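Colleague: mmCIF, C-alpha atoms, saved as structure-v6.cif, coming up:
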data_start
#
loop_
_atom_site.label_atom_id
_atom_site.label_comp_id
_atom_site.auth_asym_id
_atom_site.auth_seq_id
_atom_site.Cartn_x
_atom_site.Cartn_y
_atom_site.Cartn_z
CA MET X 1 -143.18 153.17 -28.24
CA ILE X 2 -142.20 150.03 -30.09
CA ARG X 3 -138.58 151.07 -30.09
CA ALA X 4 -138.75 151.84 -26.40
CA SER X 5 -140.17 148.41 -25.59
CA HIS X 6 -137.58 146.71 -27.79
CA PHE X 7 -134.84 148.59 -26.04
CA ALA X 8 -136.22 147.62 -22.64
CA ALA X 9 -136.41 143.96 -23.66
CA ILE X 10 -132.86 143.96 -25.02
CA ALA X 11 -131.59 145.70 -21.91
CA ALA X 12 -133.35 143.18 -19.69
CA LEU X 13 -131.93 140.30 -21.70
CA ALA X 14 -128.46 141.75 -21.40
CA LEU X 15 -128.84 142.00 -17.67
CA LEU X 16 -130.00 138.40 -17.42
CA THR X 17 -127.41 136.85 -19.68
CA GLY X 18 -124.64 139.41 -19.83
CA PRO X 19 -122.31 138.27 -17.05
CA ALA X 20 -122.31 134.62 -18.12
CA LEU X 21 -121.79 135.38 -21.80
CA ALA X 22 -119.45 138.32 -21.51
CA GLN X 23 -116.25 136.34 -21.17
CA PRO X 24 -116.92 132.75 -22.19
CA ALA X 25 -113.26 131.90 -22.54
CA ASP X 26 -112.59 132.93 -18.97
CA ARG X 27 -115.57 130.97 -17.82
CA VAL X 28 -114.35 127.84 -19.55
CA ALA X 29 -110.95 128.33 -18.00
CA GLN X 30 -112.50 128.65 -14.54
CA PHE X 31 -114.33 125.35 -14.91
CA ALA X 32 -111.27 123.65 -16.38
CA GLN X 33 -109.38 124.29 -13.16
CA LEU X 34 -111.97 122.49 -11.06
CA PRO X 35 -112.28 118.77 -10.30
CA HIS X 36 -115.19 116.89 -11.86
CA TRP X 37 -116.88 114.19 -9.79
CA PRO X 38 -119.70 112.89 -11.98
CA GLY X 39 -121.91 110.01 -10.99
CA TYR X 40 -123.88 108.90 -7.96
CA TRP X 41 -121.92 108.15 -4.85
CA VAL X 42 -122.85 105.96 -1.90
CA SER X 43 -121.00 105.37 1.31
CA GLU X 44 -118.51 102.60 0.55
CA ASP X 45 -119.56 100.41 3.47
CA GLN X 46 -123.08 100.37 2.15
CA ALA X 47 -122.40 99.89 -1.53
CA GLY X 48 -124.08 96.77 -2.83
CA THR X 49 -127.17 97.23 -0.65
CA THR X 50 -129.78 94.77 -1.91
CA ILE X 51 -133.54 94.97 -2.34
CA THR X 52 -133.80 94.12 1.35
CA GLY X 53 -132.31 97.50 2.19
CA MET X 54 -129.37 95.75 3.85
CA ALA X 55 -125.72 96.18 2.95
CA PRO X 56 -123.49 93.15 2.35
CA ALA X 57 -121.86 93.71 5.76
CA VAL X 58 -125.24 93.16 7.38
CA THR X 59 -126.32 90.17 5.36
CA SER X 60 -122.96 88.40 5.43
CA SER X 61 -123.42 85.59 7.95
CA ASN X 62 -119.82 84.51 8.33
CA ALA X 63 -118.20 87.89 8.73
CA SER X 64 -116.88 89.40 11.92
CA THR X 65 -119.61 91.70 13.14
CA SER X 66 -117.39 94.26 14.75
CA ALA X 67 -115.05 94.47 11.78
CA ASN X 68 -117.78 94.79 9.22
CA PHE X 69 -119.91 97.29 11.03
CA SER X 70 -117.09 99.60 11.93
CA GLY X 71 -117.59 101.92 8.99
CA ILE X 72 -121.35 101.93 8.76
CA MET X 73 -122.76 105.27 9.76
CA VAL X 74 -119.56 106.27 11.47
CA LEU X 75 -120.75 109.88 11.49
CA ARG X 76 -123.20 108.99 14.26
CA GLY X 77 -120.21 109.61 16.48
CA ASP X 78 -120.47 106.49 18.61
CA GLY X 79 -116.75 106.80 19.32
CA ALA X 80 -116.77 110.53 20.01
CA ALA X 81 -115.64 112.03 23.31
CA TRP X 82 -119.10 112.98 24.52
CA ASN X 83 -119.05 115.19 27.59
CA GLU X 84 -121.70 115.09 30.31
CA GLU X 85 -124.18 117.09 28.25
CA GLY X 86 -123.47 114.96 25.20
CA GLN X 87 -124.05 111.77 27.16
CA ARG X 88 -127.24 113.17 28.58
CA ARG X 89 -128.52 114.00 25.11
CA ARG X 90 -127.62 110.56 23.77
CA THR X 91 -129.38 108.83 26.64
CA GLU X 92 -132.45 110.98 26.14
CA LEU X 93 -132.35 110.34 22.42
CA ARG X 94 -132.22 106.57 22.80
CA ALA X 95 -135.05 106.57 25.30
CA ALA X 96 -137.29 108.40 22.84
CA ALA X 97 -136.09 106.80 19.61
CA GLY X 98 -138.44 103.82 19.52
CA GLY X 99 -140.94 104.25 16.74
CA ARG X 100 -139.93 107.85 16.11
CA LYS X 101 -140.55 108.88 12.55
CA ALA X 102 -137.73 110.21 10.47
CA LEU X 103 -137.96 113.03 7.96
CA GLY X 104 -134.85 112.18 5.99
CA TRP X 105 -131.16 111.96 6.79
CA GLY X 106 -130.24 115.58 7.43
CA TYR X 107 -126.68 116.71 7.95
CA PRO X 108 -124.23 115.17 8.68
CA MET X 109 -125.85 111.73 8.16
CA MET X 110 -126.71 112.35 4.51
CA MET X 111 -122.95 112.18 3.94
CA ASN X 112 -122.76 108.66 5.40
CA CYS X 113 -125.58 106.50 4.10
CA ALA X 114 -126.62 104.30 1.22
CA THR X 115 -128.65 107.08 -0.37
CA PRO X 116 -126.66 108.29 -3.37
CA LEU X 117 -125.08 111.73 -3.46
CA ALA X 118 -124.35 113.88 -6.49
CA PHE X 119 -121.72 116.64 -6.52
CA THR X 120 -122.25 119.56 -8.91
CA ILE X 121 -119.14 121.70 -8.96
CA THR X 122 -119.01 125.27 -10.25
CA PRO X 123 -116.49 128.01 -9.53
CA GLU X 124 -118.84 129.75 -7.11
CA VAL X 125 -120.62 126.90 -5.40
CA THR X 126 -120.58 123.13 -5.07
CA VAL X 127 -124.03 121.62 -4.66
CA ILE X 128 -124.36 118.28 -2.90
CA THR X 129 -127.71 116.60 -3.38
CA ASN X 130 -129.20 113.28 -2.34
CA ALA X 131 -132.31 111.44 -3.50
CA TYR X 132 -134.48 112.89 -0.75
CA ASN X 133 -134.29 116.49 -1.93
CA GLU X 134 -131.68 117.19 0.71
CA THR X 135 -129.25 119.78 -0.60
CA ARG X 136 -126.12 121.44 0.65
CA TYR X 137 -124.67 124.56 -0.93
CA ILE X 138 -120.93 124.93 -0.43
CA TYR X 139 -120.05 128.50 -1.35
CA THR X 140 -116.57 128.76 -2.84
CA ASP X 141 -116.80 132.35 -4.06
CA GLY X 142 -114.62 133.70 -1.31
CA ARG X 143 -117.35 134.81 1.03
CA ALA X 144 -116.95 134.58 4.77
CA MET X 145 -119.17 132.63 7.11
CA PRO X 146 -122.08 134.83 8.27
CA ALA X 147 -121.44 136.62 11.53
CA LYS X 148 -122.42 134.94 14.75
CA ASP X 149 -125.18 137.51 15.28
CA ASP X 150 -126.68 136.33 12.00
CA MET X 151 -126.93 132.74 13.20
CA TRP X 152 -129.72 130.91 11.41
CA PRO X 153 -129.55 127.24 12.42
CA THR X 154 -131.02 124.84 9.87
CA THR X 155 -131.06 121.09 9.28
CA TRP X 156 -128.29 121.27 6.67
CA GLY X 157 -126.41 124.25 8.06
CA THR X 158 -124.46 126.94 6.26
CA SER X 159 -121.27 125.98 4.43
CA VAL X 160 -118.41 127.93 2.95
CA GLY X 161 -115.48 126.29 1.24
CA HIS X 162 -112.43 126.65 -0.89
CA TRP X 163 -110.24 124.47 -3.03
CA GLU X 164 -106.78 123.37 -1.97
CA GLY X 165 -105.63 121.76 -5.17
CA ASN X 166 -108.15 119.00 -5.84
CA THR X 167 -109.43 118.94 -2.28
CA LEU X 168 -112.67 120.66 -1.38
CA VAL X 169 -112.28 122.14 2.08
CA ILE X 170 -115.58 122.91 3.81
CA GLU X 171 -116.56 124.57 7.03
CA THR X 172 -120.15 124.11 8.11
CA ARG X 173 -121.86 125.88 10.99
CA MET X 174 -125.36 126.71 12.12
CA VAL X 175 -126.62 123.14 12.03
CA LYS X 176 -129.64 122.45 14.21
CA ASN X 177 -129.25 119.51 16.57
CA PRO X 178 -129.15 116.79 13.88
CA SER X 179 -131.07 114.32 16.02
CA GLU X 180 -134.15 116.54 15.89
CA PHE X 181 -134.51 115.72 12.19
CA PHE X 182 -133.37 112.11 12.32
CA HIS X 183 -133.18 110.11 15.54
CA GLY X 184 -130.13 108.20 14.32
CA SER X 185 -128.06 111.36 14.13
CA PRO X 186 -125.62 112.67 16.74
CA PRO X 187 -127.14 115.25 19.13
CA TYR X 188 -124.60 118.01 18.52
CA SER X 189 -125.46 121.56 19.51
CA GLU X 190 -125.91 124.53 17.23
CA GLU X 191 -122.43 125.65 18.28
CA ALA X 192 -120.83 122.69 16.52
CA VAL X 193 -118.36 123.33 13.71
CA TYR X 194 -117.95 120.69 11.03
CA ALA X 195 -114.74 120.68 8.97
CA GLU X 196 -114.64 118.48 5.88
CA ARG X 197 -111.94 117.72 3.34
CA ILE X 198 -113.22 115.87 0.26
CA ARG X 199 -111.09 114.64 -2.61
CA LEU X 200 -111.12 112.08 -5.38
CA ASP X 201 -108.73 109.21 -4.78
CA GLY X 202 -108.78 106.96 -7.83
CA ASP X 203 -112.36 105.74 -8.15
CA ARG X 204 -113.29 106.70 -4.59
CA LEU X 205 -114.25 109.96 -3.05
CA THR X 206 -112.83 110.29 0.42
CA MET X 207 -113.71 112.65 3.21
CA GLU X 208 -112.17 113.50 6.55
CA MET X 209 -114.59 115.18 8.92
CA THR X 210 -113.74 116.80 12.22
CA VAL X 211 -116.51 118.01 14.49
CA THR X 212 -115.88 120.35 17.38
CA ASP X 213 -118.69 121.22 19.74
CA PRO X 214 -118.09 123.00 23.06
CA ILE X 215 -121.53 121.99 24.28
CA THR X 216 -121.51 118.20 23.75
CA LEU X 217 -117.92 117.10 23.08
CA SER X 218 -114.86 117.19 25.30
CA ALA X 219 -112.55 116.74 22.29
CA PRO X 220 -112.91 117.00 18.51
CA PHE X 221 -114.44 113.98 16.80
CA THR X 222 -112.74 112.90 13.60
CA ALA X 223 -114.09 110.31 11.15
CA SER X 224 -113.38 109.16 7.63
CA VAL X 225 -115.99 108.36 5.02
CA SER X 226 -115.45 107.13 1.50
CA TRP X 227 -117.91 106.86 -1.35
CA VAL X 228 -117.97 104.75 -4.47
CA ARG X 229 -120.18 104.77 -7.53
CA ASP X 230 -122.60 101.93 -6.86
CA GLN X 231 -124.12 100.15 -9.83
CA GLY X 232 -127.51 100.86 -11.33
CA PHE X 233 -127.99 104.56 -10.64
CA ASP X 234 -128.58 106.53 -13.82
CA ARG X 235 -130.14 109.72 -12.49
CA MET X 236 -131.11 111.45 -9.29
CA VAL X 237 -134.78 110.75 -8.75
CA GLN X 238 -136.35 112.82 -6.01
CA VAL X 239 -138.89 110.89 -3.96
CA ASP X 240 -140.74 112.20 -0.93
CA TRP X 241 -140.03 110.61 2.44
CA ASP X 242 -143.69 110.11 3.20
CA ASN X 243 -144.24 106.51 4.24
CA ASP X 244 -142.24 105.81 7.38
CA ARG X 245 -144.07 102.78 8.77
CA THR X 246 -141.54 101.96 11.45
CA GLY X 247 -143.28 101.31 14.74
CA SER X 248 -142.09 100.20 18.16
CA GLU X 249 -143.11 97.26 20.30
CA ASP X 250 -141.48 95.93 23.45
CA GLY X 251 -138.28 97.83 22.83
CA LEU X 252 -137.88 96.59 19.29
CA ASN X 253 -139.00 98.32 16.17
CA THR X 254 -141.54 96.73 13.90
CA ILE X 255 -143.64 97.43 10.82
CA GLU X 256 -146.88 99.32 11.33
CA LEU X 257 -149.30 96.90 9.72
CA GLU X 258 -152.11 97.55 7.33
CA THR X 259 -154.94 95.12 7.71
CA VAL X 260 -157.50 93.77 5.30
CA GLY X 261 -160.00 96.49 4.55
CA ASP X 262 -157.66 99.42 5.24
CA MET N 263 -121.09 79.55 17.87
CA THR N 264 -119.31 82.12 15.77
CA LYS N 265 -122.49 82.74 13.85
CA LEU N 266 -124.46 82.97 17.06
CA LEU N 267 -122.05 85.53 18.48
CA ALA N 268 -122.09 87.47 15.25
CA PHE N 269 -125.86 87.53 15.28
CA ALA N 270 -125.96 88.51 18.93
CA GLY N 271 -123.56 91.32 18.12
CA LEU N 272 -125.73 92.43 15.25
CA LEU N 273 -128.83 92.38 17.42
CA GLY N 274 -127.16 94.29 20.20
CA LEU N 275 -125.85 96.90 17.84
CA ALA N 276 -129.18 97.23 16.18
CA ILE N 277 -131.06 97.74 19.43
CA ALA N 278 -128.49 100.15 20.81
CA ALA N 279 -128.35 102.11 17.60
CA PRO N 280 -131.76 102.43 16.00
CA SER N 281 -130.37 103.58 12.70
CA ALA N 282 -127.58 101.08 12.35
CA GLN N 283 -127.86 100.63 8.64
CA ALA N 284 -130.96 102.03 7.04
CA HIS N 285 -133.16 104.55 8.78
CA HIS N 286 -134.10 101.83 11.27
CA SER N 287 -132.44 98.69 12.58
CA PHE N 288 -133.13 95.26 11.11
CA ALA N 289 -133.35 93.58 14.50
CA MET N 290 -137.12 93.35 14.04
CA PHE N 291 -136.61 90.65 11.42
CA ASP N 292 -135.68 87.07 12.31
CA ARG N 293 -132.86 86.55 9.86
CA THR N 294 -132.43 82.93 10.98
CA ARG N 295 -135.83 82.03 9.48
CA GLU N 296 -137.13 82.12 5.94
CA VAL N 297 -140.84 81.93 5.21
CA THR N 298 -142.61 81.83 1.85
CA VAL N 299 -145.91 83.67 1.66
CA ASN N 300 -148.32 83.05 -1.21
CA GLY N 301 -150.95 85.60 -2.07
CA THR N 302 -152.28 88.41 -4.18
CA VAL N 303 -150.68 91.82 -4.42
CA ARG N 304 -153.09 94.42 -3.05
CA GLU N 305 -150.70 97.32 -3.36
CA PHE N 306 -147.06 97.98 -4.15
CA GLN N 307 -146.07 101.03 -2.13
CA TRP N 308 -143.15 102.59 -4.03
CA SER N 309 -142.29 104.92 -1.19
CA ASN N 310 -139.57 106.28 1.04
CA PRO N 311 -137.93 105.42 3.30
CA HIS N 312 -138.96 101.88 2.35
CA ALA N 313 -141.10 100.24 -0.29
CA TYR N 314 -143.77 97.79 0.87
CA ILE N 315 -145.64 94.97 -0.79
CA GLN N 316 -149.13 94.66 0.67
CA LEU N 317 -150.02 91.04 0.07
CA THR N 318 -153.36 89.41 0.76
CA SER N 319 -152.94 85.79 1.76
CA ARG N 320 -155.13 83.12 3.29
CA ASN N 321 -154.41 81.58 6.67
CA ALA N 322 -155.08 77.97 7.64
CA SER N 323 -158.69 78.85 8.41
CA GLY N 324 -159.17 80.40 5.01
CA GLU N 325 -159.36 83.91 6.39
CA ALA N 326 -157.79 86.78 4.48
CA VAL N 327 -154.63 88.12 6.11
CA GLU N 328 -152.74 91.12 4.85
CA TRP N 329 -148.97 90.93 5.01
CA SER N 330 -146.82 94.07 5.10
CA LEU N 331 -143.56 93.15 3.43
CA GLU N 332 -140.73 95.63 3.54
CA MET N 333 -138.09 96.29 0.91
CA GLY N 334 -135.30 98.84 0.56
CA SER N 335 -135.78 102.38 -0.67
CA PRO N 336 -137.11 103.01 -4.19
CA MET N 337 -133.82 104.53 -5.32
CA TYR N 338 -132.03 101.28 -4.52
CA LEU N 339 -134.83 99.11 -5.90
CA TYR N 340 -134.60 101.07 -9.15
CA ALA N 341 -130.85 100.55 -9.26
CA ARG N 342 -131.44 96.82 -8.86
CA GLY N 343 -133.90 96.69 -11.74
CA TRP N 344 -137.22 97.11 -9.95
CA ARG N 345 -139.77 99.63 -11.17
CA PRO N 346 -142.96 101.10 -9.67
CA ARG N 347 -144.94 98.85 -12.00
CA THR N 348 -142.94 95.69 -11.42
CA LEU N 349 -145.77 94.50 -9.18
CA ARG N 350 -149.36 95.30 -10.08
CA PRO N 351 -152.42 94.84 -7.91
CA GLY N 352 -154.02 91.46 -8.43
CA THR N 353 -150.80 89.65 -9.33
CA GLN N 354 -150.40 86.23 -7.75
CA VAL N 355 -146.96 85.90 -6.20
CA ARG N 356 -144.83 83.90 -3.82
CA ILE N 357 -142.58 85.98 -1.62
CA ARG N 358 -139.71 84.63 0.41
CA ILE N 359 -139.09 86.68 3.54
CA ASN N 360 -137.36 86.91 6.87
CA PRO N 361 -140.42 87.28 9.12
CA LEU N 362 -141.00 89.77 11.90
CA ARG N 363 -139.87 88.45 15.28
CA ASN N 364 -143.10 89.44 16.96
CA GLY N 365 -145.15 87.06 14.84
CA SER N 366 -147.12 89.78 13.07
CA PRO N 367 -147.78 89.24 9.36
CA GLY N 368 -144.78 91.11 8.06
CA GLY N 369 -141.17 90.71 7.10
CA VAL N 370 -138.38 91.79 4.82
CA VAL N 371 -138.51 90.61 1.22
CA LEU N 372 -135.75 88.30 -0.01
CA ASP N 373 -137.17 87.50 -3.43
CA VAL N 374 -140.43 87.39 -5.38
CA THR N 375 -141.65 84.85 -7.90
CA GLY N 376 -144.81 84.64 -9.95
CA ALA N 377 -147.36 81.87 -9.58
CA ASP N 378 -145.55 79.95 -12.31
CA GLY N 379 -142.24 80.19 -10.49
CA THR N 380 -140.79 82.86 -12.75
CA ALA N 381 -138.61 85.38 -10.91
CA ILE N 382 -140.08 88.87 -10.61
CA GLY N 383 -137.61 91.69 -10.34
CA THR N 384 -134.26 90.73 -8.95
CA ASN N 385 -133.06 89.66 -5.53
CA GLN N 386 -129.77 91.56 -5.82
#
Once more with this new file: its structure as structure tokens, please.

Modeller:
Amino acid sequence: MIRASHFAAIAALALLTGPALAQPADRVAQFAQLPHWPGYWVSEDQAGTTITGMAPAVTSSNASTSANFSGIMVLRGDGAAWNEEGQRRRTELRAAAGGRKALGWGYPMMMNCATPLAFTITPEVTVITNAYNETRYIYTDGRAMPAKDDMWPTTWGTSVGHWEGNTLVIETRMVKNPSEFFHGSPPYSEEAVYAERIRLDGDRLTMEMTVTDPITLSAPFTASVSWVRDQGFDRMVQVDWDNDRTGSEDGLNTIELETVGD
Amino acid sequence: MTKLLAFAGLLGLAIAAPSAQAHHSFAMFDRTREVTVNGTVREFQWSNPHAYIQLTSRNASGEAVEWSLEMGSPMYLYARGWRPRTLRPGTQVRIRINPLRNGSPGGVVLDVTGADGTAIGTNQ
């Protein structure tokens, strides 16, 4: 009986650890072929954000507004070729945006904000995480995108990718209308396809994103985002998004106050 | 005039695009004015998407007024040297802010000093 239980335990252990330990040299070689992007990356236009929550481009009083704001949150798609349905959605979104609470950034905006990103690269999957527990899994194991009949729209979508040299090429589909999660996001449909190409260029990570959406766009929208390692981040601390006190008054947002005795 | 146009542009952008920079626009704050508020920390809300200092101050009539003073997100505050315990309830502080445009007791924090004038945290 004892022998039988020992055998069962050893067999179970082998099943759990076997594949990873069977060919360690091959595994090392697989990792050695991959890029390594350690650190915590923030959108370059928002690097240097101060304790106010504002980026230097916002606080700089003598800078050209248009020039300095051009890269901030470019993935909102302000310059996209919105068709009639897209324009309708944007108008509706703006009308309802005042005081709306956000739940986080969602996709694609998590790729374009001051919140740091971390990239964990393995042969089978690249995991992109931000500080709000928002995670993308980019499967690079050769699988195909799930069939259209298996559509399962989510806030962060489904991504498959592959490596072209040192460039991570990603296709993302099945993203719920991003503006449902965060009112500052573009109101793309669930039919949208997001193509990304991410690579390390010196000390910057750069990305080209092209969005096609037959429902809201009359032409593909292409934007570039770059990230740098901002100072002061030493680990990815996950903090709930549970205290959105942004209110709305007379068409302008404001802070929802707490009064003495609350 | 250039500054005025730049500010007008900023305001317009912020109103048109509610998430211009952080998760909300900063048009609610009057960035042309700086106000210093003296008071006692009631609570330091180390929270997302923004941290808040709840400060109890006294108005000209001697009545207690609670100010809601916004900061960036905790991840950025941490990167700039702030910690959840940087401000403790009961601490006497002076806080320089850009106030809310609507006149409510609130604003965005520029820097914090103790009652003796010593800097608390950083203003980076």

Colleague: Which residue is closest to Thr298 in chain N? Choose from N:Ile359, N:Ala377, N:Ile382, N:Met337 and count all atoms listed in the file.

Modeller: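 Of all the options, N:Ile359 lies closest to Thr298 in chain N.
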
Colleague: Can you tell me which residues surround range 28-38 of chain X at a distance of at most 10 Å, considering only C-alpha atoms, apart from same-chain residues fewer than 4 positions away, and format the answer as a ChimeraX atom specification?

Modeller: /X:23-24,118-124,163,165-168,199-200,203-205,229

Colleague: Run the PyMOL selection byres ((chain X) within 6 of (chain N)) mentally over the shown coordinates, then write out the matched residues as a list in words, using the chain letters and numbers from the document.

Modeller: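 After applying the PyMOL selection byres ((chain X) within 6 of (chain N)), what remains is Thr50, Ile51, Thr52, Gly53, Thr65, Gly184, Gly232, Phe233, Trp241, Asn243, Asp244, Asn253, Thr254, Leu257, Thr259 and Val260 of chain X.
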
Colleague: Return as JSON, numbers by chain the set of residues that the PyMOL selection byres ((chain X and resi 107) around 10) yields on the displayed structure.

Modeller: {"X": [75, 104, 105, 106, 108, 109, 110, 111, 112, 134, 135, 136, 154, 155, 156, 157, 172, 175, 176, 177, 178, 179, 181, 182, 185, 186]}

Colleague: What gap, in Å, lies between CA of Met209 in chain X and CA of Cys113 in chain X?

Modeller: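 Distance reported for this atom pair: 14.8 Å.
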
Colleague: Show me, as an MDAnalysis selection string, the residues that have an atom within 12 Å of Gly379 in chain N when counting only C-alpha atoms, minus same-chain residues fewer than 2 positions from it.

Modeller: chainID N and resid 300 354:357 373:377 381:382

Colleague: For CA of Arg143 in chain X and CA of Val160 in chain X, quote the distance in Å rounded to one decimal.

Modeller: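 Computed distance, CA of Arg143 in chain X to CA of Val160 in chain X, equals 7.2 Å.
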
Colleague: Could you check how far CA of Ala195 in chain X sits from CA of Ile170 in chain X, in Å to one decimal?

Modeller: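 Straight-line distance from CA of Ala195 in chain X to CA of Ile170 in chain X works out to 5.7 Å.
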
Colleague: Determine the residue set returned by the PyMOL selection byres ((chain X and resi 219) around 9) for the present structure, and present it as a list in words.

Modeller: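 Selected by the PyMOL selection byres ((chain X and resi 219) around 9) in this file: Ala80, Ala81, Trp82, Asn83, Val211, Thr212, Asp213, Pro214, Leu217, Ser218, Pro220 and Phe221 of chain X.
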
Colleague: Determine, counting all atoms listed in the file, which protein, DNA and RNA residues have an atom within 9 Å of an atom of Gly352 in chain N; residues of the same chain fewer than 3 positions away are not included. Present the result as a VMD selection string.

Modeller: chain N and resid 302 to 305 349
